[in-house]
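S.K.: Data: query_4.csv, CSV, C-alpha atoms.
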chain,number,residue,atom,x,y,z
A,7,MET,CA,57.5,-183.1,-93.7
A,8,ILE,CA,56.6,-186.5,-95.3
A,9,GLU,CA,56.1,-184.7,-98.6
A,10,LEU,CA,59.5,-183.1,-98.3
A,11,LEU,CA,61.1,-186.5,-97.6
A,12,ILE,CA,59.4,-188.2,-100.6
A,13,LEU,CA,60.5,-185.3,-102.8
A,14,GLY,CA,64.1,-185.7,-101.4
A,15,ILE,CA,64.0,-189.5,-102.2
A,16,ILE,CA,62.8,-188.9,-105.7
A,17,SER,CA,65.5,-186.3,-106.4
A,18,CYS,CA,68.2,-188.5,-105.0
A,19,ILE,CA,67.1,-191.5,-107.1
A,20,CYS,CA,67.1,-189.3,-110.2
A,21,ALA,CA,70.5,-187.8,-109.3
A,22,PHE,CA,72.0,-191.3,-108.8
A,23,PHE,CA,70.6,-193.1,-111.9
A,24,VAL,CA,71.1,-190.2,-114.3
A,25,VAL,CA,74.8,-190.3,-113.6
A,26,PHE,CA,74.8,-194.1,-113.3
A,27,PHE,CA,73.2,-194.6,-116.8
A,28,ILE,CA,74.7,-191.7,-118.7
A,29,THR,CA,78.4,-192.2,-117.6
A,30,PRO,CA,79.0,-195.5,-119.6
A,31,PRO,CA,77.8,-194.1,-123.0
A,32,LEU,CA,79.7,-190.9,-122.2
A,33,ILE,CA,82.9,-193.0,-121.6
A,34,ASN,CA,82.4,-194.7,-125.0
A,35,PHE,CA,81.8,-191.4,-126.7
A,36,LEU,CA,84.9,-189.8,-125.2
A,37,GLU,CA,87.1,-192.8,-126.0
A,38,LYS,CA,85.8,-193.0,-129.6
A,39,ASN,CA,86.6,-189.3,-130.1
A,40,ASN,CA,90.0,-189.5,-128.5
A,41,PHE,CA,89.0,-187.3,-125.5
A,42,THR,CA,91.3,-189.3,-123.3
A,43,VAL,CA,94.4,-188.6,-121.1
A,44,LYS,CA,97.1,-190.8,-119.8
A,45,ASP,CA,96.8,-192.1,-116.2
A,46,VAL,CA,100.3,-191.2,-115.0
A,47,ASN,CA,100.1,-193.4,-112.0
A,48,LYS,CA,99.7,-196.7,-114.0
A,49,LYS,CA,102.6,-198.8,-115.1
A,50,GLU,CA,101.0,-199.6,-118.4
A,51,ASN,CA,100.0,-196.9,-121.0
A,52,VAL,CA,96.4,-196.5,-119.7
A,53,MET,CA,94.3,-193.9,-121.4
A,54,VAL,CA,91.3,-192.6,-119.4
A,55,ALA,CA,88.2,-190.8,-120.8
A,56,ARG,CA,87.8,-187.1,-119.7
A,57,PRO,CA,85.8,-185.0,-118.8
A,58,GLY,CA,83.1,-186.7,-116.7
A,59,GLY,CA,81.7,-183.4,-115.7
A,60,ILE,CA,79.0,-183.8,-118.3
A,61,SER,CA,77.3,-186.6,-116.6
A,62,ILE,CA,77.8,-185.0,-113.2
A,63,ILE,CA,76.2,-181.7,-114.2
A,64,LEU,CA,73.2,-183.6,-115.9
A,65,GLY,CA,72.6,-185.5,-112.6
A,66,ILE,CA,72.7,-182.3,-110.6
A,67,LEU,CA,70.5,-180.2,-113.0
A,68,ILE,CA,67.8,-182.8,-113.4
A,69,SER,CA,67.5,-183.5,-109.6
A,70,GLU,CA,67.6,-179.8,-108.7
A,71,PHE,CA,65.0,-178.9,-111.3
A,72,ILE,CA,62.7,-181.5,-109.9
A,73,LEU,CA,63.2,-180.0,-106.4
A,74,TYR,CA,62.6,-176.5,-107.8
A,75,ALA,CA,59.4,-177.5,-109.5
A,76,PHE,CA,57.9,-178.4,-106.1
A,77,LEU,CA,59.7,-176.1,-103.7
A,78,GLN,CA,60.2,-172.9,-105.8
A,79,LEU,CA,63.1,-171.7,-103.7
A,80,ASN,CA,65.6,-169.0,-104.8
A,81,GLU,CA,68.3,-171.0,-103.0
A,82,ILE,CA,67.7,-173.9,-105.5
A,83,LEU,CA,67.9,-171.4,-108.5
A,84,ALA,CA,71.2,-170.1,-107.0
A,85,ILE,CA,72.6,-173.6,-106.8
A,86,ILE,CA,71.5,-174.4,-110.4
A,87,ILE,CA,72.9,-171.3,-112.0
A,88,THR,CA,76.2,-171.1,-110.1
A,89,THR,CA,76.9,-174.8,-110.4
A,90,PHE,CA,76.2,-174.7,-114.1
A,91,GLY,CA,78.4,-171.7,-114.5
A,92,ALA,CA,81.2,-173.5,-112.7
A,93,PHE,CA,80.7,-176.5,-115.0
A,94,LEU,CA,81.0,-174.3,-118.1
A,95,ILE,CA,84.2,-172.7,-116.7
A,96,GLY,CA,85.7,-176.1,-116.0
A,97,TYR,CA,84.6,-177.4,-119.4
A,98,ILE,CA,86.4,-174.5,-121.1
A,99,ASP,CA,89.5,-175.3,-119.0
A,100,ASP,CA,89.2,-179.0,-120.0
A,101,ARG,CA,89.2,-178.1,-123.7
A,102,LYS,CA,91.7,-175.2,-123.7
A,103,ILE,CA,94.5,-174.5,-121.3
A,104,MET,CA,93.8,-171.2,-119.6
A,105,GLY,CA,95.9,-169.0,-117.4
A,106,GLY,CA,96.1,-169.2,-113.6
A,107,TRP,CA,93.7,-166.2,-113.3
A,108,PHE,CA,90.9,-167.8,-115.4
A,109,LYS,CA,89.3,-170.1,-112.9
A,110,PRO,CA,89.3,-167.8,-109.7
A,111,VAL,CA,88.0,-164.8,-111.7
A,112,THR,CA,85.3,-166.6,-113.6
A,113,LEU,CA,84.2,-168.6,-110.6
A,114,ALA,CA,83.8,-165.3,-108.7
A,115,ILE,CA,81.6,-164.1,-111.5
A,116,ALA,CA,79.6,-167.4,-111.3
A,117,SER,CA,78.9,-166.7,-107.6
A,118,LEU,CA,77.0,-163.5,-108.4
A,119,PRO,CA,73.6,-165.2,-108.8
A,120,ILE,CA,73.7,-166.0,-105.1
A,121,ILE,CA,73.9,-162.3,-104.3
A,122,PHE,CA,71.3,-161.2,-107.0
A,123,LEU,CA,68.8,-163.8,-105.9
A,124,GLY,CA,69.3,-162.9,-102.3
A,125,ALA,CA,69.8,-166.5,-101.4
A,126,TYR,CA,72.0,-165.8,-98.4
A,127,ASP,CA,71.9,-164.6,-94.8
A,128,SER,CA,74.6,-162.1,-93.9
A,129,ASN,CA,74.9,-163.5,-90.4
A,130,LEU,CA,78.0,-165.8,-90.0
A,131,THR,CA,77.3,-168.4,-87.3
A,132,PHE,CA,80.1,-169.8,-85.1
A,133,PRO,CA,79.9,-172.7,-82.7
A,134,LEU,CA,79.6,-171.9,-79.0
A,135,PHE,CA,79.8,-168.1,-79.6
A,136,GLY,CA,76.8,-167.3,-81.7
A,137,ASP,CA,76.7,-165.2,-84.8
A,138,VAL,CA,78.1,-162.0,-86.1
A,139,GLN,CA,76.4,-159.7,-88.6
A,140,ILE,CA,78.8,-158.7,-91.5
A,141,PRO,CA,76.6,-157.4,-94.4
A,142,LEU,CA,79.3,-156.0,-96.6
A,143,LEU,CA,82.0,-158.5,-95.7
A,144,TYR,CA,79.6,-161.4,-96.3
A,145,ILE,CA,79.1,-160.3,-100.0
A,146,GLY,CA,82.9,-160.5,-100.3
A,147,LEU,CA,82.9,-163.8,-98.6
A,148,ILE,CA,80.4,-165.2,-101.2
A,149,ILE,CA,82.6,-163.9,-104.1
A,150,VAL,CA,85.7,-165.5,-102.6
A,151,MET,CA,84.1,-168.8,-101.3
A,152,ILE,CA,83.0,-170.3,-104.6
A,153,PRO,CA,86.5,-170.0,-106.2
A,154,ILE,CA,88.0,-171.4,-103.1
A,155,THR,CA,85.7,-174.5,-102.8
A,156,GLY,CA,85.9,-175.0,-106.6
A,157,ASN,CA,89.7,-174.9,-106.8
A,158,THR,CA,90.1,-176.8,-103.5
A,159,ILE,CA,88.2,-179.8,-104.9
A,160,ASN,CA,90.0,-179.4,-108.2
A,161,SER,CA,93.4,-179.5,-106.5
A,162,ILE,CA,92.7,-182.7,-104.6
A,163,ASP,CA,91.7,-184.5,-107.8
A,164,VAL,CA,95.1,-186.1,-108.2
A,165,LEU,CA,94.5,-189.8,-107.8
A,166,ASN,CA,91.8,-192.3,-109.0
A,167,GLY,CA,88.6,-191.8,-107.1
A,168,VAL,CA,89.8,-189.1,-104.7
A,169,ALA,CA,87.6,-186.1,-105.9
A,170,SER,CA,84.3,-188.1,-106.1
A,171,GLY,CA,85.0,-190.2,-102.9
A,172,PHE,CA,86.0,-187.1,-101.0
A,173,MET,CA,82.8,-185.4,-102.2
A,174,ILE,CA,80.6,-188.3,-101.0
A,175,ILE,CA,82.0,-188.0,-97.5
A,176,ALA,CA,82.1,-184.2,-97.3
A,177,SER,CA,78.6,-183.6,-98.9
A,178,LEU,CA,77.0,-186.3,-96.8
A,179,THR,CA,78.5,-184.7,-93.7
A,180,LEU,CA,77.1,-181.3,-94.8
A,181,SER,CA,73.6,-182.9,-95.3
A,182,ILE,CA,73.7,-184.5,-91.9
A,183,CYS,CA,74.7,-181.2,-90.3
A,184,LEU,CA,71.9,-179.4,-92.1
A,185,PHE,CA,69.5,-182.0,-90.7
A,186,ILE,CA,71.0,-181.6,-87.2
A,187,LEU,CA,70.5,-177.8,-87.5
A,188,GLN,CA,66.8,-178.5,-88.6
A,189,ASN,CA,67.4,-176.7,-91.9
A,190,TYR,CA,65.4,-179.5,-93.6
A,191,GLU,CA,64.7,-177.8,-97.0
A,192,ILE,CA,68.4,-177.1,-97.7
A,193,ALA,CA,69.3,-180.5,-96.3
A,194,ILE,CA,67.0,-182.1,-98.9
A,195,VAL,CA,68.4,-179.8,-101.6
A,196,SER,CA,72.0,-180.8,-100.7
A,197,LEU,CA,71.4,-184.6,-100.9
A,198,PRO,CA,71.6,-184.9,-104.8
A,199,LEU,CA,75.3,-183.9,-104.5
A,200,VAL,CA,75.9,-187.0,-102.3
A,201,PHE,CA,74.1,-189.3,-104.8
A,202,VAL,CA,75.7,-187.8,-107.9
A,203,SER,CA,79.1,-188.2,-106.3
A,204,LEU,CA,78.3,-191.8,-105.3
A,205,ALA,CA,77.2,-192.8,-108.8
A,206,PHE,CA,80.2,-191.1,-110.4
A,207,TYR,CA,82.6,-192.8,-107.8
A,208,LYS,CA,81.6,-196.2,-109.3
A,209,PHE,CA,83.4,-195.2,-112.6
A,210,HIS,CA,86.1,-193.0,-111.0
A,211,LYS,CA,87.4,-195.4,-108.3
A,212,ILE,CA,90.6,-197.3,-108.9
A,213,PRO,CA,91.1,-198.2,-111.8
A,214,SER,CA,89.4,-195.1,-113.2
A,215,LYS,CA,87.3,-195.5,-116.3
A,216,ILE,CA,86.7,-191.8,-116.4
A,217,PHE,CA,88.2,-188.6,-114.9
A,218,PRO,CA,85.9,-185.8,-113.8
A,219,GLY,CA,88.2,-183.2,-115.3
A,220,ASP,CA,88.1,-179.5,-114.3
A,221,SER,CA,84.4,-179.4,-115.3
A,222,GLY,CA,83.5,-182.2,-112.8
A,223,ALA,CA,85.8,-181.0,-110.0
A,224,LEU,CA,84.6,-177.4,-110.3
A,225,THR,CA,81.0,-178.5,-110.5
A,226,PHE,CA,81.4,-180.5,-107.2
A,227,GLY,CA,83.2,-177.7,-105.5
A,228,ALA,CA,81.0,-174.9,-106.6
A,229,MET,CA,77.8,-176.8,-105.6
A,230,TYR,CA,79.3,-177.6,-102.2
A,231,GLY,CA,80.1,-173.9,-101.7
A,232,VAL,CA,76.7,-172.7,-102.7
A,233,ILE,CA,75.0,-175.2,-100.3
A,234,ALA,CA,77.2,-173.9,-97.5
A,235,ILE,CA,76.2,-170.3,-98.2
A,236,VAL,CA,72.4,-170.8,-98.8
A,237,GLY,CA,72.3,-173.2,-95.8
A,238,GLY,CA,74.2,-170.8,-93.5
A,239,VAL,CA,76.7,-173.5,-92.6
A,240,GLU,CA,79.9,-171.9,-94.0
A,241,ILE,CA,82.0,-172.8,-90.9
A,242,ILE,CA,80.8,-176.4,-90.8
A,243,ALA,CA,81.4,-176.7,-94.6
A,244,ALA,CA,85.0,-175.4,-94.2
A,245,ILE,CA,85.6,-178.0,-91.4
A,246,ALA,CA,84.3,-180.9,-93.5
A,247,LEU,CA,86.6,-179.8,-96.3
A,248,LEU,CA,89.7,-179.5,-94.2
A,249,PRO,CA,91.9,-182.2,-95.8
A,250,ALA,CA,91.4,-180.5,-99.2
A,251,VAL,CA,92.0,-177.1,-97.5
A,252,ILE,CA,95.3,-178.5,-96.0
A,253,ASN,CA,96.3,-179.6,-99.5
A,254,SER,CA,95.7,-176.1,-101.0
A,255,PHE,CA,97.3,-174.4,-98.0
A,256,LEU,CA,100.4,-176.6,-98.2
A,257,PHE,CA,100.7,-176.1,-101.9
A,258,LEU,CA,100.2,-172.3,-101.7
A,259,SER,CA,102.5,-171.8,-98.7
A,260,SER,CA,105.3,-173.8,-100.5
A,261,VAL,CA,105.0,-172.2,-104.0
A,262,LYS,CA,104.1,-168.8,-102.5
A,263,GLN,CA,101.9,-167.7,-105.5
A,264,VAL,CA,98.6,-168.6,-107.1
A,265,VAL,CA,99.6,-170.8,-110.0
A,266,GLU,CA,98.2,-173.7,-112.0
A,267,HIS,CA,99.4,-177.2,-111.0
A,268,ARG,CA,100.5,-177.9,-114.6
A,269,GLN,CA,102.8,-174.8,-114.5
A,270,ILE,CA,104.9,-176.4,-111.7
A,271,LYS,CA,107.8,-178.2,-113.2
A,272,ALA,CA,109.0,-180.1,-110.1
A,273,LYS,CA,106.6,-182.9,-109.2
A,274,PRO,CA,105.9,-183.5,-105.5
A,275,VAL,CA,105.8,-187.3,-105.9
A,276,GLU,CA,107.8,-189.9,-108.0
A,277,HIS,CA,107.3,-193.6,-108.8
A,278,THR,CA,109.3,-196.5,-107.4
A,279,SER,CA,110.4,-199.4,-109.6
A,280,ASP,CA,107.2,-201.3,-108.6
A,281,PHE,CA,105.2,-198.2,-109.4
A,282,LYS,CA,104.3,-197.2,-105.9
A,283,LEU,CA,104.3,-193.5,-105.1
A,284,LYS,CA,107.1,-191.9,-103.1
A,285,SER,CA,107.9,-188.4,-101.9
A,286,THR,CA,110.4,-186.6,-104.1
A,287,ASN,CA,113.8,-185.5,-102.9
A,288,ASP,CA,113.5,-182.4,-105.1
A,289,LYS,CA,113.6,-179.4,-102.7
A,290,THR,CA,112.0,-177.1,-105.2
A,291,ALA,CA,108.9,-179.4,-105.5
A,292,PRO,CA,105.7,-178.1,-103.9
A,293,ILE,CA,104.5,-179.7,-100.6
A,294,THR,CA,101.1,-181.4,-101.0
A,295,LEU,CA,98.9,-183.6,-98.9
A,296,VAL,CA,99.9,-186.7,-100.9
A,297,ARG,CA,103.6,-185.8,-100.4
A,298,LEU,CA,103.2,-185.5,-96.7
A,299,ILE,CA,101.3,-188.8,-96.6
A,300,LEU,CA,104.2,-190.4,-98.5
A,301,ALA,CA,106.8,-188.9,-96.1
A,302,GLY,CA,106.6,-192.2,-94.1
A,303,GLY,CA,107.5,-194.3,-97.1
A,304,PRO,CA,106.2,-195.4,-100.5
A,305,LEU,CA,102.5,-196.4,-100.8
A,306,SER,CA,100.3,-197.7,-103.5
A,307,GLU,CA,97.8,-195.3,-105.1
A,308,LYS,CA,94.9,-197.2,-103.4
A,309,GLN,CA,96.6,-196.9,-100.0
A,310,ILE,CA,97.0,-193.1,-100.4
A,311,VAL,CA,93.4,-192.8,-101.4
A,312,PHE,CA,92.2,-194.6,-98.3
A,313,VAL,CA,94.4,-192.4,-96.1
A,314,ILE,CA,92.8,-189.3,-97.7
A,315,PHE,CA,89.3,-190.8,-97.1
A,316,LYS,CA,90.2,-191.5,-93.4
A,317,LEU,CA,91.3,-187.9,-93.0
A,318,THR,CA,88.0,-186.8,-94.6
A,319,ILE,CA,85.9,-189.0,-92.3
A,320,PHE,CA,87.8,-187.5,-89.3
A,321,SER,CA,87.1,-184.0,-90.4
A,322,GLY,CA,83.5,-185.0,-91.1
A,323,ILE,CA,83.2,-186.2,-87.5
A,324,LEU,CA,84.6,-182.8,-86.4
A,325,ALA,CA,82.1,-181.0,-88.6
A,326,ILE,CA,79.2,-183.0,-87.0
A,327,ILE,CA,80.5,-182.2,-83.5
A,328,THR,CA,80.6,-178.6,-84.6
A,329,ALA,CA,77.0,-178.8,-85.8
A,330,PHE,CA,75.9,-180.0,-82.3
A,331,MET,CA,78.0,-177.2,-80.8
A,332,MET,CA,76.0,-174.6,-82.8
A,333,GLY,CA,73.1,-175.2,-80.5
A,334,VAL,CA,75.2,-174.5,-77.4
A,335,SER,CA,76.2,-171.0,-76.4
A,336,ILE,CA,78.7,-169.9,-73.7
B,18,MET,CA,103.2,-188.9,-90.5
B,19,LYS,CA,99.6,-190.0,-90.7
B,20,TYR,CA,99.0,-189.1,-87.1
B,21,GLY,CA,100.7,-185.8,-87.7
B,22,LEU,CA,98.1,-185.0,-90.3
B,23,PHE,CA,95.3,-186.0,-88.0
B,24,GLY,CA,96.9,-183.7,-85.3
B,25,PHE,CA,97.1,-180.9,-87.9
B,26,LEU,CA,93.4,-181.3,-88.8
B,27,PHE,CA,92.5,-181.2,-85.1
B,28,GLY,CA,94.7,-178.1,-84.6
B,29,MET,CA,93.0,-176.4,-87.5
B,30,TRP,CA,89.6,-177.2,-86.0
B,31,ILE,CA,90.5,-175.8,-82.6
B,32,LEU,CA,91.9,-172.6,-84.3
B,33,ILE,CA,88.6,-172.2,-86.2
B,34,ILE,CA,86.6,-172.5,-82.9
B,35,ILE,CA,88.8,-170.1,-81.0
B,36,GLY,CA,89.0,-167.7,-84.1
B,37,GLY,CA,85.2,-167.8,-84.2
B,38,GLY,CA,85.0,-166.8,-80.6
B,39,ILE,CA,87.4,-163.9,-81.1
B,40,MET,CA,85.5,-162.8,-84.2
B,41,VAL,CA,82.1,-162.8,-82.4
B,42,GLY,CA,83.6,-161.1,-79.3
B,43,LEU,CA,85.3,-158.4,-81.3
B,44,LEU,CA,82.9,-157.8,-84.2
B,45,GLY,CA,79.6,-158.7,-82.6
B,46,PRO,CA,79.2,-155.6,-80.4
B,47,PHE,CA,81.1,-153.3,-82.7
B,48,SER,CA,79.1,-150.3,-83.8
B,49,LEU,CA,79.7,-146.6,-84.8
B,50,GLN,CA,76.7,-144.3,-84.4
B,51,PRO,CA,78.1,-140.7,-84.9
B,52,PHE,CA,78.2,-141.0,-88.7
B,53,GLY,CA,74.5,-140.6,-89.4
B,54,ASP,CA,73.0,-142.7,-92.2
B,55,PHE,CA,76.4,-143.9,-93.3
B,56,HIS,CA,77.3,-145.5,-90.0
B,57,TRP,CA,76.5,-149.1,-91.2
B,58,ILE,CA,78.8,-148.7,-94.2
B,59,ILE,CA,81.7,-147.4,-92.0
B,60,THR,CA,81.0,-150.1,-89.4
B,61,SER,CA,80.9,-152.8,-92.0
B,62,GLY,CA,84.2,-151.5,-93.5
B,63,ILE,CA,86.0,-151.5,-90.2
B,64,LYS,CA,84.5,-155.0,-89.4
B,65,ALA,CA,85.9,-156.2,-92.7
B,66,VAL,CA,89.4,-154.8,-91.9
B,67,ILE,CA,89.3,-156.5,-88.5
B,68,ALA,CA,88.1,-159.8,-89.9
B,69,ILE,CA,90.7,-159.8,-92.7
B,70,THR,CA,93.4,-159.1,-90.1
B,71,LEU,CA,92.1,-162.0,-88.0
B,72,VAL,CA,92.2,-164.3,-91.0
B,73,ILE,CA,95.8,-163.3,-91.7
B,74,ILE,CA,96.8,-163.9,-88.1
B,75,TRP,CA,95.0,-167.3,-88.4
B,76,ILE,CA,97.0,-168.2,-91.5
B,77,LEU,CA,100.3,-167.2,-89.8
B,78,ILE,CA,99.5,-169.3,-86.7
B,79,LEU,CA,98.5,-172.2,-89.0
B,80,SER,CA,101.8,-171.8,-90.9
B,81,LYS,CA,103.7,-172.0,-87.6
B,82,LEU,CA,101.7,-175.1,-86.6
B,83,LYS,CA,102.4,-176.7,-89.9
B,84,ASN,CA,106.2,-176.1,-89.6
B,85,TRP,CA,106.1,-177.4,-86.0
B,86,ILE,CA,104.2,-180.7,-86.8
B,87,PHE,CA,105.8,-181.4,-90.2
B,88,LYS,CA,109.3,-180.0,-89.5
B,89,LYS,CA,111.1,-183.3,-90.1
B,90,ASP,CA,109.1,-184.3,-93.1
B,91,ILE,CA,109.3,-180.9,-94.8
B,92,LEU,CA,113.1,-180.8,-94.4
B,93,SER,CA,113.6,-184.3,-95.6
Please go through the file and, once you have read it, give me the structure as structure tokens.

M.R.:
Amino acid sequence: MIELLILGIISCICAFFVVFFITPPLINFLEKNNFTVKDVNKKENVMVARPGGISIILGILISEFILYAFLQLNEILAIIITTFGAFLIGYIDDRKIMGGWFKPVTLAIASLPIIFLGAYDSNLTFPLFGDVQIPLLYIGLIIVMIPITGNTINSIDVLNGVASGFMIIASLTLSICLFILQNYEIAIVSLPLVFVSLAFYKFHKIPSKIFPGDSGALTFGAMYGVIAIVGGVEIIAAIALLPAVINSFLFLSSVKQVVEHRQIKAKPVEHTSDFKLKSTNDKTAPITLVRLILAGGPLSEKQIVFVIFKLTIFSGILAIITAFMMGVSI
Amino acid sequence: MKYGLFGFLFGMWILIIIGGGIMVGLLGPFSLQPFGDFHWIITSGIKAVIAITLVIIWILILSKLKNWIFKKDILS
């Protein structure tokens, strides 16, 4: 147990400092080569480097390879391959605008290593009521889950610092739940995601110096999804992710089709004269989490980000309560 | 509004807990023996159909809950 803890600490230190030291030169490189996008929520013409997914994936790969060298778990291999696949998919989408089908289909393909490596348990465990064995359905669940978690994190990446800050809270919650459920090996394996997110948040928080891009957001989401599957904590992971799930649910139920955000003409939020954000009056605009937060009146970008973080902390608490409920049966 | 969102989150959590109970109650003991070696494939298929139906019902309830909590904000 002590050896596992030491290994966990080493991998977390590597995860944090790889991102912490690689991101500044990456920002310089991206800015020099004009890989920048306009920050639409700033009054001035601010250009921000993108994609930061490169430093995120490096932090994850190095820390997970260290863990694999000592633990030799198929679960870690599944995390490495699927997460790297998601990064590549996101990177292609960062460089070239792809159709709405591209990410869901390719992320489903990226989830296949989990199945081929047998890094899952086909029992789906529910709080209070025990588990249910669904061998065939579970394979379908794996194929659907990675596109869902990837796109869910991608869709909430709309304001400075939201995706990385959200990921810190959600992945820390997931790690705590894995410890509560005494799944120590996967808990240790999940910790690098917390520290990669933490290091990236330093550069992503308001005012952002770099955006994660699709490559970063899909990397975050896919790794989170794989940890949920290999750790057997799918329901807990879904609960910790609820604010982002609400965002996707509201969006999909208002536009009533799977579509890229950039294809939607009507914007859900507008700017006031002092550049706060306010809910649009356009009836055709999609309903999103940010739009609902703004229904009470205009707020600054920072205020909205903190409301999202509060919602994430609340769902994190519900997830931890759920983890304790896993040990109780009625 | 902010409290409405917290309420919606809580409602979703309760729906997940209850939905889990229904799924375990319905699917857990479900088994078909008279189909020989293929019974597990048929059982899994039927379980999949029941589970997907439950998820669709869950989404419909969630949609009603959303309209009820955010009625004023969605219309505004």

S.K.: When the cut-off is 10 Å and we count all atoms listed in the file, which residues of chain B are near chain A, given as a CSV table (one decimal) with C-alpha atoms, in the coordinates of the input?

M.R.:
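The result, written out as part-v8.csv:
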chain,number,residue,atom,x,y,z
B,18,MET,CA,103.2,-188.9,-90.5
B,19,LYS,CA,99.6,-190.0,-90.7
B,20,TYR,CA,99.0,-189.1,-87.1
B,21,GLY,CA,100.7,-185.8,-87.7
B,22,LEU,CA,98.1,-185.0,-90.3
B,23,PHE,CA,95.3,-186.0,-88.0
B,25,PHE,CA,97.1,-180.9,-87.9
B,26,LEU,CA,93.4,-181.3,-88.8
B,27,PHE,CA,92.5,-181.2,-85.1
B,29,MET,CA,93.0,-176.4,-87.5
B,30,TRP,CA,89.6,-177.2,-86.0
B,31,ILE,CA,90.5,-175.8,-82.6
B,33,ILE,CA,88.6,-172.2,-86.2
B,34,ILE,CA,86.6,-172.5,-82.9
B,35,ILE,CA,88.8,-170.1,-81.0
B,36,GLY,CA,89.0,-167.7,-84.1
B,37,GLY,CA,85.2,-167.8,-84.2
B,38,GLY,CA,85.0,-166.8,-80.6
B,39,ILE,CA,87.4,-163.9,-81.1
B,40,MET,CA,85.5,-162.8,-84.2
B,41,VAL,CA,82.1,-162.8,-82.4
B,42,GLY,CA,83.6,-161.1,-79.3
B,43,LEU,CA,85.3,-158.4,-81.3
B,44,LEU,CA,82.9,-157.8,-84.2
B,45,GLY,CA,79.6,-158.7,-82.6
B,46,PRO,CA,79.2,-155.6,-80.4
B,47,PHE,CA,81.1,-153.3,-82.7
B,57,TRP,CA,76.5,-149.1,-91.2
B,58,ILE,CA,78.8,-148.7,-94.2
B,60,THR,CA,81.0,-150.1,-89.4
B,61,SER,CA,80.9,-152.8,-92.0
B,62,GLY,CA,84.2,-151.5,-93.5
B,63,ILE,CA,86.0,-151.5,-90.2
B,64,LYS,CA,84.5,-155.0,-89.4
B,65,ALA,CA,85.9,-156.2,-92.7
B,66,VAL,CA,89.4,-154.8,-91.9
B,68,ALA,CA,88.1,-159.8,-89.9
B,69,ILE,CA,90.7,-159.8,-92.7
B,76,ILE,CA,97.0,-168.2,-91.5
B,79,LEU,CA,98.5,-172.2,-89.0
B,80,SER,CA,101.8,-171.8,-90.9
B,83,LYS,CA,102.4,-176.7,-89.9
B,87,PHE,CA,105.8,-181.4,-90.2
B,89,LYS,CA,111.1,-183.3,-90.1
B,90,ASP,CA,109.1,-184.3,-93.1
B,91,ILE,CA,109.3,-180.9,-94.8
B,92,LEU,CA,113.1,-180.8,-94.4
B,93,SER,CA,113.6,-184.3,-95.6

S.K.: How far is it from atom CA of A:Leu13 to atom CA of A:Thr29, in Å with one decimal?

M.R.: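 Distance reported for this atom pair: 24.2 Å.
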
S.K.: I'd like the interatomic distance between atom CA of A:Ile63 and atom CA of A:Glu307, to a tenth of an Å.

M.R.: 27.1 Å

S.K.: I need the residue nearest A:Thr155 from this list: A:Leu224, A:Ile68, A:Leu73, A:Ile62. Use all atoms listed in the file for the distance.

M.R.: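 Of the candidates, the smallest distance to A:Thr155 is held by A:Leu224.
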
S.K.: Please, what distance in Å, to one decimal, runs between atom CA of A:Phe206 and atom CA of A:Ser61?

M.R.: 8.2 Å

S.K.: Excluding A:Ser117 and any residue of its chain fewer than 4 positions from it, enumerate the residues within 7 Å of it, using only C-alpha atoms, and give them as a PyMOL selection string.

M.R.: chain A and resi 88+113+148-149+152

S.K.: List as a PyMOL selection string the protein and nucleic acid residues near A:Tyr126, meaning an atom at most 7 Å away when all atoms listed in the file are counted, but skip any in the same chain fewer than 4 places from it.

M.R.: chain A and resi 120+235-236

S.K.: I want to know what sits within 8 Å of A:Ser254, based on all atoms listed in the file, with residues of the same chain fewer than 6 positions away left out; could you give that as a PyMOL selection string?

M.R.: chain A and resi 158+161+294

S.K.: Residues of the last selection are to be written out with C-alpha atoms, as a short mmCIF file (atom, residue, chain, number, x, y, z; two decimals), in the coordinates of the input.

M.R.:
data_model
loop_
_atom_site.label_atom_id
_atom_site.label_comp_id
_atom_site.auth_asym_id
_atom_site.auth_seq_id
_atom_site.Cartn_x
_atom_site.Cartn_y
_atom_site.Cartn_z
CA THR A 158 90.10 -176.80 -103.50
CA SER A 161 93.40 -179.50 -106.50
CA THR A 294 101.10 -181.40 -101.00
#

S.K.: Pull the neighbourhood of (91.0, -185.9, -117.5) for me: all residues within 10 Å in file coordinates, counting all atoms listed in the file, as a list in words.

M.R.: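 All residues meeting the 10 Å criterion around (91.0, -185.9, -117.5) are Phe41, Thr42, Val43, Lys44, Asp45, Met53, Val54, Ala55, Arg56, Pro57, Gly58, Gly59, Asp100, Asp163, Ile216, Phe217, Pro218, Gly219, Asp220, Ser221 and Gly222 of chain A.
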
S.K.: Keeping C-alpha atoms, export the residues of the selection given above as a compact mmCIF listing (two decimals), in the coordinates of the input.

M.R.:
# COMPACT_ATOMS: atom_id res chain seq x y z
CA PHE A 41 89.00 -187.30 -125.50
CA THR A 42 91.30 -189.30 -123.30
CA VAL A 43 94.40 -188.60 -121.10
CA LYS A 44 97.10 -190.80 -119.80
CA ASP A 45 96.80 -192.10 -116.20
CA MET A 53 94.30 -193.90 -121.40
CA VAL A 54 91.30 -192.60 -119.40
CA ALA A 55 88.20 -190.80 -120.80
CA ARG A 56 87.80 -187.10 -119.70
CA PRO A 57 85.80 -185.00 -118.80
CA GLY A 58 83.10 -186.70 -116.70
CA GLY A 59 81.70 -183.40 -115.70
CA ASP A 100 89.20 -179.00 -120.00
CA ASP A 163 91.70 -184.50 -107.80
CA ILE A 216 86.70 -191.80 -116.40
CA PHE A 217 88.20 -188.60 -114.90
CA PRO A 218 85.90 -185.80 -113.80
CA GLY A 219 88.20 -183.20 -115.30
CA ASP A 220 88.10 -179.50 -114.30
CA SER A 221 84.40 -179.40 -115.30
CA GLY A 222 83.50 -182.20 -112.80
